[in-house]
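Dropping model04.cif in here (mmCIF, C-alpha atoms):
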data_structure
#
loop_
_atom_site.label_atom_id
_atom_site.label_comp_id
_atom_site.auth_asym_id
_atom_site.auth_seq_id
_atom_site.Cartn_x
_atom_site.Cartn_y
_atom_site.Cartn_z
CA MET A 1 -6.34 -16.80 10.90
CA ALA A 2 -7.25 -18.50 7.67
CA GLU A 3 -8.68 -21.73 8.99
CA VAL A 4 -8.96 -23.84 5.94
CA GLY A 5 -5.72 -23.97 4.11
CA TYR A 6 -5.57 -20.70 2.19
CA SER A 7 -3.03 -18.10 3.07
CA VAL A 8 -2.41 -14.64 1.71
CA PRO A 9 0.15 -12.34 3.32
CA LYS A 10 -1.49 -9.56 5.30
CA VAL A 11 -0.32 -6.08 4.46
CA SER A 12 0.70 -4.21 7.55
CA GLY A 13 2.23 -0.83 8.09
CA GLU A 14 4.27 -2.26 10.92
CA PRO A 15 7.99 -2.56 10.29
CA SER A 16 9.61 -5.65 11.69
CA PRO A 17 12.38 -4.76 14.10
CA ASP A 18 15.86 -6.02 13.48
CA THR A 19 15.85 -7.92 16.72
CA ALA A 20 19.57 -8.59 16.50
CA SER A 21 20.48 -4.90 16.67
CA ALA A 22 17.43 -3.16 18.15
CA ASN A 23 17.54 -2.20 21.81
CA ARG A 24 15.33 -4.21 24.11
CA VAL A 25 12.63 -2.40 26.06
CA SER A 26 11.44 -3.98 29.25
CA VAL A 27 7.64 -4.30 29.14
CA THR A 28 5.48 -6.07 31.68
CA LEU A 29 2.10 -7.41 30.59
CA TRP A 30 -0.55 -7.99 33.23
CA GLU A 31 -3.19 -10.60 32.44
CA ALA A 32 -5.80 -11.65 34.98
CA GLY A 33 -3.65 -10.13 37.72
CA GLN A 34 -0.53 -12.00 36.69
CA PRO A 35 2.57 -10.19 35.34
CA ARG A 36 4.93 -11.46 32.68
CA GLU A 37 7.81 -9.90 30.77
CA VAL A 38 7.34 -9.59 27.02
CA GLU A 39 10.01 -9.33 24.34
CA ALA A 40 9.88 -5.77 23.02
CA TYR A 41 12.17 -3.49 21.04
CA GLU A 42 12.68 0.22 20.50
CA GLY A 43 10.98 1.51 17.39
CA GLU A 44 8.22 -1.06 17.17
CA SER A 45 4.66 -0.55 18.31
CA LEU A 46 3.46 -2.02 21.54
CA MET A 47 0.86 -3.92 19.52
CA VAL A 48 3.56 -5.82 17.65
CA ALA A 49 5.32 -6.76 20.89
CA LEU A 50 2.08 -7.87 22.54
CA LYS A 51 1.03 -9.96 19.56
CA ARG A 52 4.48 -11.54 19.46
CA ALA A 53 3.99 -12.41 23.12
CA GLY A 54 0.78 -14.22 22.24
CA LEU A 55 -1.77 -11.72 23.50
CA PRO A 56 -4.83 -12.39 21.30
CA LEU A 57 -5.31 -8.86 19.97
CA LEU A 58 -7.30 -8.94 16.74
CA ALA A 59 -5.57 -5.81 15.37
CA VAL A 60 -7.76 -6.16 12.31
CA CYS A 61 -6.45 -3.06 10.53
CA GLY A 62 -2.84 -4.15 10.89
CA GLY A 63 -1.73 -1.28 13.12
CA GLN A 64 -3.24 1.67 11.29
CA GLY A 65 -5.19 2.98 14.29
CA ALA A 66 -8.45 2.39 12.44
CA CYS A 67 -10.20 -0.59 14.01
CA GLY A 68 -9.76 -0.25 17.78
CA THR A 69 -9.18 -3.97 18.29
CA CYS A 70 -5.79 -3.61 19.93
CA LYS A 71 -6.94 -1.66 22.97
CA VAL A 72 -4.99 -2.05 26.21
CA ALA A 73 -4.92 -0.22 29.53
CA PHE A 74 -2.15 1.49 31.45
CA PRO A 75 -1.83 2.23 35.14
CA PRO A 76 -2.05 5.99 35.87
CA GLU A 77 1.71 6.42 36.39
CA TRP A 78 2.33 5.12 32.86
CA ALA A 79 -0.72 6.62 31.17
CA ASP A 80 0.61 10.08 32.02
CA ARG A 81 4.00 9.34 30.48
CA LEU A 82 2.72 8.25 27.09
CA SER A 83 2.48 10.73 24.26
CA ALA A 84 -1.02 12.16 24.04
CA PRO A 85 -3.39 10.43 21.61
CA GLU A 86 -3.87 12.14 18.26
CA LYS A 87 -7.29 13.19 17.00
CA ARG A 88 -8.22 9.92 15.33
CA GLU A 89 -7.20 7.75 18.27
CA LEU A 90 -9.06 10.03 20.66
CA ARG A 91 -12.17 9.88 18.50
CA LEU A 92 -11.97 6.10 18.27
CA LEU A 93 -11.39 5.67 22.00
CA THR A 94 -14.43 7.85 22.69
CA HIS A 95 -16.49 5.87 20.17
CA LEU A 96 -15.44 2.64 21.89
CA LYS A 97 -16.47 4.10 25.27
CA SER A 98 -12.96 3.66 26.59
CA VAL A 99 -12.15 4.54 30.16
CA GLU A 100 -9.19 6.56 31.41
CA GLY A 101 -5.86 4.85 30.85
CA GLU A 102 -7.02 2.88 27.81
CA ARG A 103 -5.14 3.36 24.56
CA LEU A 104 -4.67 1.65 21.21
CA SER A 105 -1.47 -0.36 21.48
CA CYS A 106 -0.69 0.22 17.79
CA ARG A 107 -0.35 3.93 18.52
CA ILE A 108 2.31 3.46 21.21
CA THR A 109 5.81 3.38 19.77
CA LEU A 110 8.30 1.82 22.16
CA SER A 111 11.35 3.86 23.08
CA ALA A 112 13.98 4.15 25.78
CA ALA A 113 11.63 6.51 27.62
CA LEU A 114 9.20 3.61 28.08
CA VAL A 115 11.61 1.12 29.68
CA GLY A 116 9.73 -0.59 32.49
CA LEU A 117 6.34 0.01 30.86
CA GLU A 118 3.45 -1.83 32.47
CA VAL A 119 0.35 -2.67 30.48
CA ASP A 120 -2.93 -4.42 31.27
CA ALA A 121 -4.64 -6.63 28.72
CA CYS A 122 -8.19 -5.36 28.27
CA GLU A 123 -11.11 -7.83 28.54
CA MET B 1 -22.03 -35.36 -3.73
CA SER B 2 -18.57 -36.66 -4.66
CA ALA B 3 -15.78 -36.69 -2.10
CA VAL B 4 -14.02 -33.87 -3.92
CA ALA B 5 -17.19 -31.77 -4.13
CA GLU B 6 -17.86 -32.42 -0.47
CA LYS B 7 -14.35 -31.27 0.46
CA PHE B 8 -14.81 -28.01 -1.45
CA ASP B 9 -18.25 -27.55 0.05
CA THR B 10 -16.70 -27.82 3.53
CA VAL B 11 -13.96 -25.35 2.62
CA GLN B 12 -16.53 -22.89 1.29
CA SER B 13 -18.68 -23.23 4.40
CA GLY B 14 -15.66 -22.49 6.54
CA LEU B 15 -14.53 -19.47 4.59
CA GLU B 16 -18.05 -18.09 4.25
CA LYS B 17 -19.03 -18.25 7.91
CA VAL B 18 -20.75 -15.18 9.32
CA GLY B 19 -21.21 -13.83 12.83
CA VAL B 20 -24.37 -13.58 14.86
CA ALA B 21 -25.06 -9.99 13.76
CA PHE B 22 -25.02 -10.78 10.05
CA THR B 23 -28.17 -10.00 8.10
CA ARG B 24 -28.74 -9.36 4.41
CA GLU B 25 -30.48 -6.07 5.13
CA LYS B 26 -27.65 -4.75 7.27
CA MET B 27 -25.02 -5.71 4.74
CA LEU B 28 -26.92 -3.87 2.03
CA LYS B 29 -27.39 -0.89 4.35
CA VAL B 30 -23.67 -0.67 5.08
CA ARG B 31 -23.00 -0.99 1.36
CA ASP B 32 -25.30 1.99 0.73
CA VAL B 33 -23.71 4.22 3.37
CA THR B 34 -20.24 3.26 2.18
CA ARG B 35 -20.97 4.18 -1.43
CA ALA B 36 -22.63 7.43 -0.36
CA ALA B 37 -19.56 8.31 1.72
CA ILE B 38 -17.23 7.62 -1.22
CA HIS B 39 -19.16 10.08 -3.37
CA GLU B 40 -19.33 12.67 -0.61
CA ILE B 41 -15.57 12.44 -0.11
CA ALA B 42 -15.00 12.69 -3.86
CA SER B 43 -17.19 15.77 -4.13
CA ARG B 44 -14.95 17.53 -1.62
CA CYS B 45 -11.63 16.66 -3.24
CA LYS B 46 -10.68 19.78 -5.18
CA PRO B 47 -7.65 20.70 -7.27
CA GLY B 48 -5.00 22.31 -5.09
CA MET B 49 -5.78 20.05 -2.12
CA VAL B 50 -2.91 18.10 -0.54
CA GLU B 51 -3.56 14.36 -0.25
CA GLU B 52 -2.95 14.23 3.49
CA ASP B 53 -5.67 16.86 4.00
CA ALA B 54 -8.05 14.87 1.85
CA VAL B 55 -7.45 11.78 4.01
CA GLU B 56 -8.27 13.80 7.15
CA MET B 57 -11.35 15.24 5.45
CA ALA B 58 -12.46 11.72 4.51
CA LYS B 59 -12.05 10.52 8.10
CA ASP B 60 -14.09 13.48 9.32
CA ILE B 61 -16.87 12.72 6.82
CA LEU B 62 -16.97 9.08 7.87
CA ALA B 63 -17.01 10.03 11.55
CA GLY B 64 -19.82 12.48 10.84
CA HIS B 65 -21.87 9.54 9.57
CA GLY B 66 -21.08 7.43 12.62
CA MET B 67 -18.30 5.48 10.95
CA VAL B 68 -15.45 6.29 13.31
CA GLN B 69 -14.18 2.73 13.26
CA GLY B 70 -12.77 1.15 10.13
CA TRP B 71 -11.66 -2.40 9.57
CA HIS B 72 -8.94 -0.97 7.37
CA ASP B 73 -7.45 2.47 7.02
CA VAL B 74 -8.88 5.29 4.90
CA PHE B 75 -7.13 5.80 1.57
CA VAL B 76 -7.50 8.84 -0.65
CA ARG B 77 -4.71 8.81 -3.20
CA PHE B 78 -3.88 11.57 -5.66
CA GLY B 79 -2.08 11.39 -9.00
CA SER B 80 0.99 9.14 -8.99
CA ASN B 81 -0.03 7.70 -5.61
CA THR B 82 -2.90 5.92 -7.38
CA THR B 83 -0.38 3.23 -8.35
CA LYS B 84 0.32 2.37 -4.69
CA THR B 85 -0.85 -0.99 -3.51
CA PHE B 86 -3.10 -1.55 -0.51
CA GLY B 87 -1.52 -0.43 2.74
CA ALA B 88 1.55 1.08 1.10
CA PRO B 89 2.36 4.57 2.31
CA SER B 90 1.69 7.34 -0.17
CA ASP B 91 4.46 9.63 -1.32
CA PRO B 92 3.93 12.71 0.84
CA GLY B 93 2.67 16.11 -0.23
CA ILE B 94 1.00 15.17 -3.52
CA VAL B 95 -1.33 17.96 -4.62
CA LEU B 96 -4.42 17.23 -6.71
CA GLY B 97 -4.04 18.87 -10.11
CA GLN B 98 -6.57 20.57 -12.36
CA ASP B 99 -6.29 17.68 -14.80
CA ASP B 100 -5.68 14.73 -12.56
CA LEU B 101 -7.17 11.58 -11.10
CA PHE B 102 -7.65 10.29 -7.58
CA LEU B 103 -8.97 7.16 -5.93
CA ILE B 104 -10.80 6.47 -2.70
CA ASP B 105 -10.73 3.17 -0.77
CA ILE B 106 -12.60 2.97 2.52
CA GLY B 107 -13.50 0.10 4.86
CA PRO B 108 -15.79 1.60 7.47
CA VAL B 109 -17.50 -0.28 10.25
CA PHE B 110 -21.11 0.88 10.43
CA GLU B 111 -22.54 -0.16 13.78
CA LYS B 112 -21.62 -3.89 13.71
CA TRP B 113 -21.18 -4.37 9.98
CA GLU B 114 -18.30 -3.93 7.60
CA GLY B 115 -18.49 -1.79 4.52
CA ASP B 116 -15.84 -1.70 1.84
CA GLY B 117 -15.75 0.21 -1.38
CA GLY B 118 -13.70 2.27 -3.73
CA ASP B 119 -13.86 4.32 -6.86
CA THR B 120 -11.72 6.61 -9.01
CA PHE B 121 -12.47 10.14 -10.15
CA VAL B 122 -10.94 12.64 -12.53
CA THR B 123 -10.67 16.42 -12.18
CA GLY B 124 -10.12 17.38 -15.82
CA SER B 125 -10.31 16.01 -19.32
CA ASN B 126 -7.17 13.90 -19.67
CA PRO B 127 -8.44 11.01 -21.81
CA ALA B 128 -5.96 8.49 -20.40
CA TYR B 129 -7.09 9.21 -16.85
CA ALA B 130 -10.75 9.09 -17.82
CA LYS B 131 -10.23 5.76 -19.62
CA CYS B 132 -8.35 4.30 -16.69
CA ALA B 133 -11.09 5.26 -14.22
CA GLU B 134 -13.80 4.02 -16.56
CA ASP B 135 -11.97 0.78 -17.33
CA ALA B 136 -11.67 -0.04 -13.62
CA ARG B 137 -15.47 0.18 -13.36
CA LYS B 138 -15.93 -1.65 -16.66
CA LEU B 139 -13.64 -4.47 -15.62
CA PHE B 140 -15.37 -4.76 -12.26
CA HIS B 141 -18.68 -5.32 -14.01
CA MET B 142 -17.21 -7.67 -16.61
CA VAL B 143 -15.83 -9.86 -13.84
CA ARG B 144 -19.00 -9.56 -11.76
CA LYS B 145 -21.17 -10.58 -14.72
CA LYS B 146 -18.86 -13.50 -15.40
CA TRP B 147 -19.42 -14.58 -11.80
CA GLU B 148 -23.17 -14.15 -12.11
CA LYS B 149 -23.55 -16.03 -15.40
CA GLU B 150 -20.83 -18.68 -15.29
CA LYS B 151 -20.39 -19.21 -11.54
CA LEU B 152 -16.61 -19.17 -11.82
CA THR B 153 -14.36 -19.76 -8.84
CA GLY B 154 -12.61 -16.82 -7.18
CA LYS B 155 -9.34 -17.92 -8.75
CA ALA B 156 -10.88 -18.18 -12.24
CA LEU B 157 -12.50 -14.76 -11.83
CA TYR B 158 -9.14 -13.11 -11.17
CA ASP B 159 -7.47 -15.05 -13.99
CA PHE B 160 -10.19 -13.62 -16.24
CA ALA B 161 -9.75 -10.12 -14.74
CA GLU B 162 -6.00 -10.23 -15.33
CA SER B 163 -6.43 -11.27 -18.94
CA GLU B 164 -9.14 -8.69 -19.67
CA ALA B 165 -7.14 -5.93 -17.98
CA ARG B 166 -4.23 -6.70 -20.27
CA LYS B 167 -6.50 -6.51 -23.32
CA LEU B 168 -7.60 -3.06 -22.17
CA GLY B 169 -3.98 -1.97 -21.86
CA TRP B 170 -3.58 -2.17 -18.08
CA GLU B 171 -1.83 -4.28 -15.50
CA LEU B 172 -4.01 -5.76 -12.79
CA ASN B 173 -2.64 -5.45 -9.26
CA LEU B 174 -3.34 -8.79 -7.63
CA ASP B 175 -2.48 -7.49 -4.17
CA LEU B 176 -6.03 -6.16 -4.28
CA SER B 177 -7.88 -9.29 -5.26
CA GLY B 178 -11.20 -9.40 -3.43
CA HIS B 179 -11.94 -10.64 0.06
CA ARG B 180 -14.60 -11.51 2.61
CA ILE B 181 -16.91 -8.99 4.16
CA SER B 182 -19.31 -9.60 7.03
CA ASP B 183 -20.37 -8.44 10.41
CA PHE B 184 -17.28 -7.04 12.07
CA PRO B 185 -14.70 -8.51 12.07
CA HIS B 186 -14.68 -10.85 9.08
CA ALA B 187 -10.98 -11.40 9.74
CA ALA B 188 -11.98 -13.74 12.57
CA VAL B 189 -13.15 -16.12 9.83
CA TYR B 190 -10.87 -15.50 6.86
CA GLU B 191 -8.56 -12.68 5.86
CA GLY B 192 -7.20 -14.09 2.63
CA GLY B 193 -8.00 -13.07 -0.92
CA MET B 194 -10.83 -14.12 -3.22
CA ASN B 195 -8.35 -14.85 -6.00
CA VAL B 196 -7.16 -18.02 -4.30
CA VAL B 197 -10.49 -19.67 -3.52
CA ASP B 198 -11.50 -22.73 -5.53
CA PHE B 199 -15.25 -22.22 -5.26
CA THR B 200 -17.82 -19.74 -6.51
CA PRO B 201 -18.02 -16.94 -3.97
CA SER B 202 -21.51 -16.33 -2.60
CA PRO B 203 -23.28 -12.98 -2.94
CA LEU B 204 -23.21 -10.48 -0.03
CA LEU B 205 -20.17 -12.16 1.52
CA TRP B 206 -17.36 -10.90 -0.70
CA VAL B 207 -16.13 -7.70 -2.29
CA LEU B 208 -14.60 -7.65 -5.73
CA GLU B 209 -11.60 -5.35 -6.11
CA ILE B 210 -10.12 -4.12 -9.36
CA HIS B 211 -6.91 -2.08 -9.25
CA ILE B 212 -5.45 -1.43 -12.68
CA ARG B 213 -2.27 0.43 -13.43
CA ASP B 214 -0.66 2.04 -16.40
CA PRO B 215 2.15 -0.31 -17.52
CA LYS B 216 4.61 2.57 -17.02
CA MET B 217 3.33 2.86 -13.43
CA LYS B 218 2.49 6.55 -13.74
CA PHE B 219 -1.14 6.27 -12.60
CA GLY B 220 -3.83 3.75 -11.73
CA ALA B 221 -7.51 3.35 -10.95
CA PHE B 222 -9.51 1.35 -8.48
CA PHE B 223 -13.06 0.13 -8.18
CA GLU B 224 -14.48 -2.03 -5.43
CA ASP B 225 -17.96 -3.06 -4.40
CA MET B 226 -19.85 -5.98 -2.97
CA LEU B 227 -20.24 -9.05 -5.17
CA LEU B 228 -23.91 -8.89 -6.18
CA ASP B 229 -26.02 -9.59 -9.23
CA ASP B 230 -27.17 -7.10 -11.86
CA SER B 231 -30.31 -6.15 -9.97
CA TYR B 232 -28.20 -4.28 -7.42
CA PHE B 233 -26.49 -2.14 -10.04
CA ALA B 234 -29.42 -0.42 -11.72
#

As a first step, turn the structure in this file into structure tokens.
Amino acid sequence: MAEVGYSVPKVSGEPSPDTASANRVSVTLWEAGQPREVEAYEGESLMVALKRAGLPLLAVCGGQGACGTCKVAFPPEWADRLSAPEKRELRLLTHLKSVEGERLSCRITLSAALVGLEVDACE
Amino acid sequence: MSAVAEKFDTVQSGLEKVGVAFTREKMLKVRDVTRAAIHEIASRCKPGMVEEDAVEMAKDILAGHGMVQGWHDVFVRFGSNTTKTFGAPSDPGIVLGQDDLFLIDIGPVFEKWEGDGGDTFVTGSNPAYAKCAEDARKLFHMVRKKWEKEKLTGKALYDFAESEARKLGWELNLDLSGHRISDFPHAAVYEGGMNVVDFTPSPLLWVLEIHIRDPKMKFGAFFEDMLLDDSYFA
């Protein structure tokens, strides 16, 4: 996001998937009522896949679950199938006045169990 | 103004933009609560504690002061983990010793404003640890005073820091080389380092970071605070 010609690599805890060998996970992103498939792989966070797909998540903390700027929403049938949020995520979601079904996308690790995942971009 | 000066002025204006919530008073307030939190966390780090527990304790303290959100993660690093660079995972299970050192690096969001600060503490009387912690603070102030008196560019400040660190017997980690701070999130404006900017950084808008390490990479120390003049460091 450096606008004026300077660039310093951002440190992120997110590993880059080896897209040649990693298994694809089918993920559908809903934006303004319109669905689209996004490229996603087992072992990476949903945040990484959504950013790769061009969703403008700020993800300021680089996927550490600290900033809350990668929040997305899940339909009830998917919200129930995700692993429960840990203490810090829960505290942050409460602080951000999140509603049911909203989660931090950096805290969702994609796996075979999430094939077919549907996710809504938050406002 | 010459064409070159005008170009740099435009670059500086771009990199030093602030959001609508930015005020001097709020930035100083968030600086105060950040520094207070660092010292509260430090006071509760005791020998025998495991680093992971200290990180959780630090998050609880910050949350207790309304700083649930952070623009970066919370770092409390014990012993050999003090050499780790920003964002790098710590080696697990490190226990704070009776004669040890530890560093704290937090970036809490207080209401709508970003804090960022760090410091290093010792638990015993090891002179090398005490010197390292003290030299991180000393170097911070040497660089800050250089900025205040000579109005050096961000790049020149870190060239100076690197050279002075070496004279003191340490290696400066340039992965931690200062950055913008603002109303949250400053990253919407600029997320690069201070050590690459070709202008004199303005007060209140930047933090200066000093992370020095023992050349044998056994331990390190960190100090970070807002870039401000002497009157703020009484």

Worksheet, complete the sentence: note - CA of Ala49 (chain A) and CA of Leu82 (chain A) are separated by 16.4 Å

Worksheet item: Separation of CA of Gln69 (chain B) and CA of Cys67 (chain A), in Å?
Response: 5.2 Å

Practice prompt. Could the residues of chain B within 10 Å of chain A, counting all atoms listed in the file, be given as a ChimeraX atom specification, please?
Written response: /B:10-15,56,59-60,63,66-74,85-89,107-109,175,184-198

Keeping only C-alpha atoms, take the residues you just selected and write them out as a compact mmCIF listing (two decimals), in the frame of the given file.
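Below you can see out35.txt, which holds the result:
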# COMPACT_ATOMS: atom_id res chain seq x y z
CA THR B 10 -16.70 -27.82 3.53
CA VAL B 11 -13.96 -25.35 2.62
CA GLN B 12 -16.53 -22.89 1.29
CA SER B 13 -18.68 -23.23 4.40
CA GLY B 14 -15.66 -22.49 6.54
CA LEU B 15 -14.53 -19.47 4.59
CA GLU B 56 -8.27 13.80 7.15
CA LYS B 59 -12.05 10.52 8.10
CA ASP B 60 -14.09 13.48 9.32
CA ALA B 63 -17.01 10.03 11.55
CA GLY B 66 -21.08 7.43 12.62
CA MET B 67 -18.30 5.48 10.95
CA VAL B 68 -15.45 6.29 13.31
CA GLN B 69 -14.18 2.73 13.26
CA GLY B 70 -12.77 1.15 10.13
CA TRP B 71 -11.66 -2.40 9.57
CA HIS B 72 -8.94 -0.97 7.37
CA ASP B 73 -7.45 2.47 7.02
CA VAL B 74 -8.88 5.29 4.90
CA THR B 85 -0.85 -0.99 -3.51
CA PHE B 86 -3.10 -1.55 -0.51
CA GLY B 87 -1.52 -0.43 2.74
CA ALA B 88 1.55 1.08 1.10
CA PRO B 89 2.36 4.57 2.31
CA GLY B 107 -13.50 0.10 4.86
CA PRO B 108 -15.79 1.60 7.47
CA VAL B 109 -17.50 -0.28 10.25
CA ASP B 175 -2.48 -7.49 -4.17
CA PHE B 184 -17.28 -7.04 12.07
CA PRO B 185 -14.70 -8.51 12.07
CA HIS B 186 -14.68 -10.85 9.08
CA ALA B 187 -10.98 -11.40 9.74
CA ALA B 188 -11.98 -13.74 12.57
CA VAL B 189 -13.15 -16.12 9.83
CA TYR B 190 -10.87 -15.50 6.86
CA GLU B 191 -8.56 -12.68 5.86
CA GLY B 192 -7.20 -14.09 2.63
CA GLY B 193 -8.00 -13.07 -0.92
CA MET B 194 -10.83 -14.12 -3.22
CA ASN B 195 -8.35 -14.85 -6.00
CA VAL B 196 -7.16 -18.02 -4.30
CA VAL B 197 -10.49 -19.67 -3.52
CA ASP B 198 -11.50 -22.73 -5.53

Discussion item. Using only C-alpha atoms for the distances, tell me which of B:Ala54, B:Ala234, B:Val95, B:Ala133 is nearest to Ala221 (chain B).
Written reply: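 Checking each candidate against Ala221 (chain B), we get B:Ala133 as the closest.
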
Worksheet item: Please, which residues are within 12 Å of (-5.5, -9.1, -10.4) by the file's coordinates, counting only C-alpha atoms, and could they come as an MDAnalysis selection string?
Response: chainID B and resid 85 136 139:140 143 154:166 170:178 193:196 208:213 222

Practice prompt. Name the closest residue to Phe199 (chain B) among the candidates B:Ser231, B:Arg31, B:Thr153, B:Pro215; distances are taken between atoms, counting only C-alpha atoms.
Written response: B:Thr153

Practice prompt. Name the residues in contact with Glu102 (chain A) at a cut-off of 10 Å, using only C-alpha atoms, excluding same-chain residues fewer than 2 positions from it; report them as a list in words.
Written response: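 In the requested format, the answer is Lys71, Val72, Ala73, Phe74, Pro75, Pro76, Ala79, Leu93, Lys97, Ser98, Val99, Glu100, Leu104, Ser105, Val119, Asp120, Ala121 and Cys122 of chain A.
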
Write the residues of the selection above to a file with C-alpha atoms, as a tab-separated table (two decimals), keeping the file's coordinate frame.
chain	number	residue	atom	x	y	z
A	71	LYS	CA	-6.94	-1.66	22.97
A	72	VAL	CA	-4.99	-2.05	26.21
A	73	ALA	CA	-4.92	-0.22	29.53
A	74	PHE	CA	-2.15	1.49	31.45
A	75	PRO	CA	-1.83	2.23	35.14
A	76	PRO	CA	-2.05	5.99	35.87
A	79	ALA	CA	-0.72	6.62	31.17
A	93	LEU	CA	-11.39	5.67	22.00
A	97	LYS	CA	-16.47	4.10	25.27
A	98	SER	CA	-12.96	3.66	26.59
A	99	VAL	CA	-12.15	4.54	30.16
A	100	GLU	CA	-9.19	6.56	31.41
A	104	LEU	CA	-4.67	1.65	21.21
A	105	SER	CA	-1.47	-0.36	21.48
A	119	VAL	CA	0.35	-2.67	30.48
A	120	ASP	CA	-2.93	-4.42	31.27
A	121	ALA	CA	-4.64	-6.63	28.72
A	122	CYS	CA	-8.19	-5.36	28.27

Worksheet item: By how many Å are CA of Pro127 (chain B) and CA of Tyr232 (chain B) apart?
Response: 28.8 Å

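The shell of residues at most 9 Å from Ser90 (chain B), with all atoms listed in the file counted and near chain neighbours (fewer than 3 positions) removed, consists of Glu51, Arg77, Phe78, Asn81, Thr82, Lys84, Gly87, Gly93 and Ile94 of chain B.
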
Please write as a JSON list (two decimals) with C-alpha atoms, in the frame of the given file the list of polymer residues whose atoms come within 6 Å of (-4.8, 21.9, -3.4), counting all atoms listed in the file and keeping to the coordinates of the file.
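What follows is the written file result.json:
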[["chain", "number", "residue", "atom", "x", "y", "z"],
["B", 47, "PRO", "CA", -7.65, 20.70, -7.27],
["B", 48, "GLY", "CA", -5.00, 22.31, -5.09],
["B", 49, "MET", "CA", -5.78, 20.05, -2.12],
["B", 50, "VAL", "CA", -2.91, 18.10, -0.54],
["B", 95, "VAL", "CA", -1.33, 17.96, -4.62],
["B", 96, "LEU", "CA", -4.42, 17.23, -6.71]]

Item to complete: Name the residues in contact with Gln98 (chain B) at a cut-off of 10 Å, using only C-alpha atoms, excluding same-chain residues fewer than 4 positions from it; report them as a ChimeraX atom specification.
Response: /B:46-48,122-126

Worksheet item: Counting all atoms listed in the file, what is within 7 Å of Leu117 (chain A), bar same-chain residues fewer than 2 positions away, as a list in words?
Response: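 Once the adjacent positions are removed, what remains is Ser26, Val27, Thr28, Trp78, Leu114, Val115 and Val119 of chain A.
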
Output C-alpha atoms for every residue in the selection just made, as a PDB file, keeping the file's coordinate frame.
ATOM      1  CA  SER A  26      11.440  -3.980  29.250  1.00  0.00           C
ATOM      2  CA  VAL A  27       7.640  -4.300  29.140  1.00  0.00           C
ATOM      3  CA  THR A  28       5.480  -6.070  31.680  1.00  0.00           C
ATOM      4  CA  TRP A  78       2.330   5.120  32.860  1.00  0.00           C
ATOM      5  CA  LEU A 114       9.200   3.610  28.080  1.00  0.00           C
ATOM      6  CA  VAL A 115      11.610   1.120  29.680  1.00  0.00           C
ATOM      7  CA  VAL A 119       0.350  -2.670  30.480  1.00  0.00           C
TER       8      VAL A 119
END

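With distances taken over all atoms listed in the file, A:Thr109 is the one residue among A:Glu86, A:Thr109, A:Glu77, A:Pro35 lying closest to Met47 (chain A).
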
Item to complete: Find the spatial neighbours of Ile61 (chain B), counting only C-alpha atoms, within a cut-off of 8 Å - ignore same-chain residues fewer than 3 positions away - and output them as a PyMOL selection string.
Response: chain B and resi 37+40-41+57-58+64-65
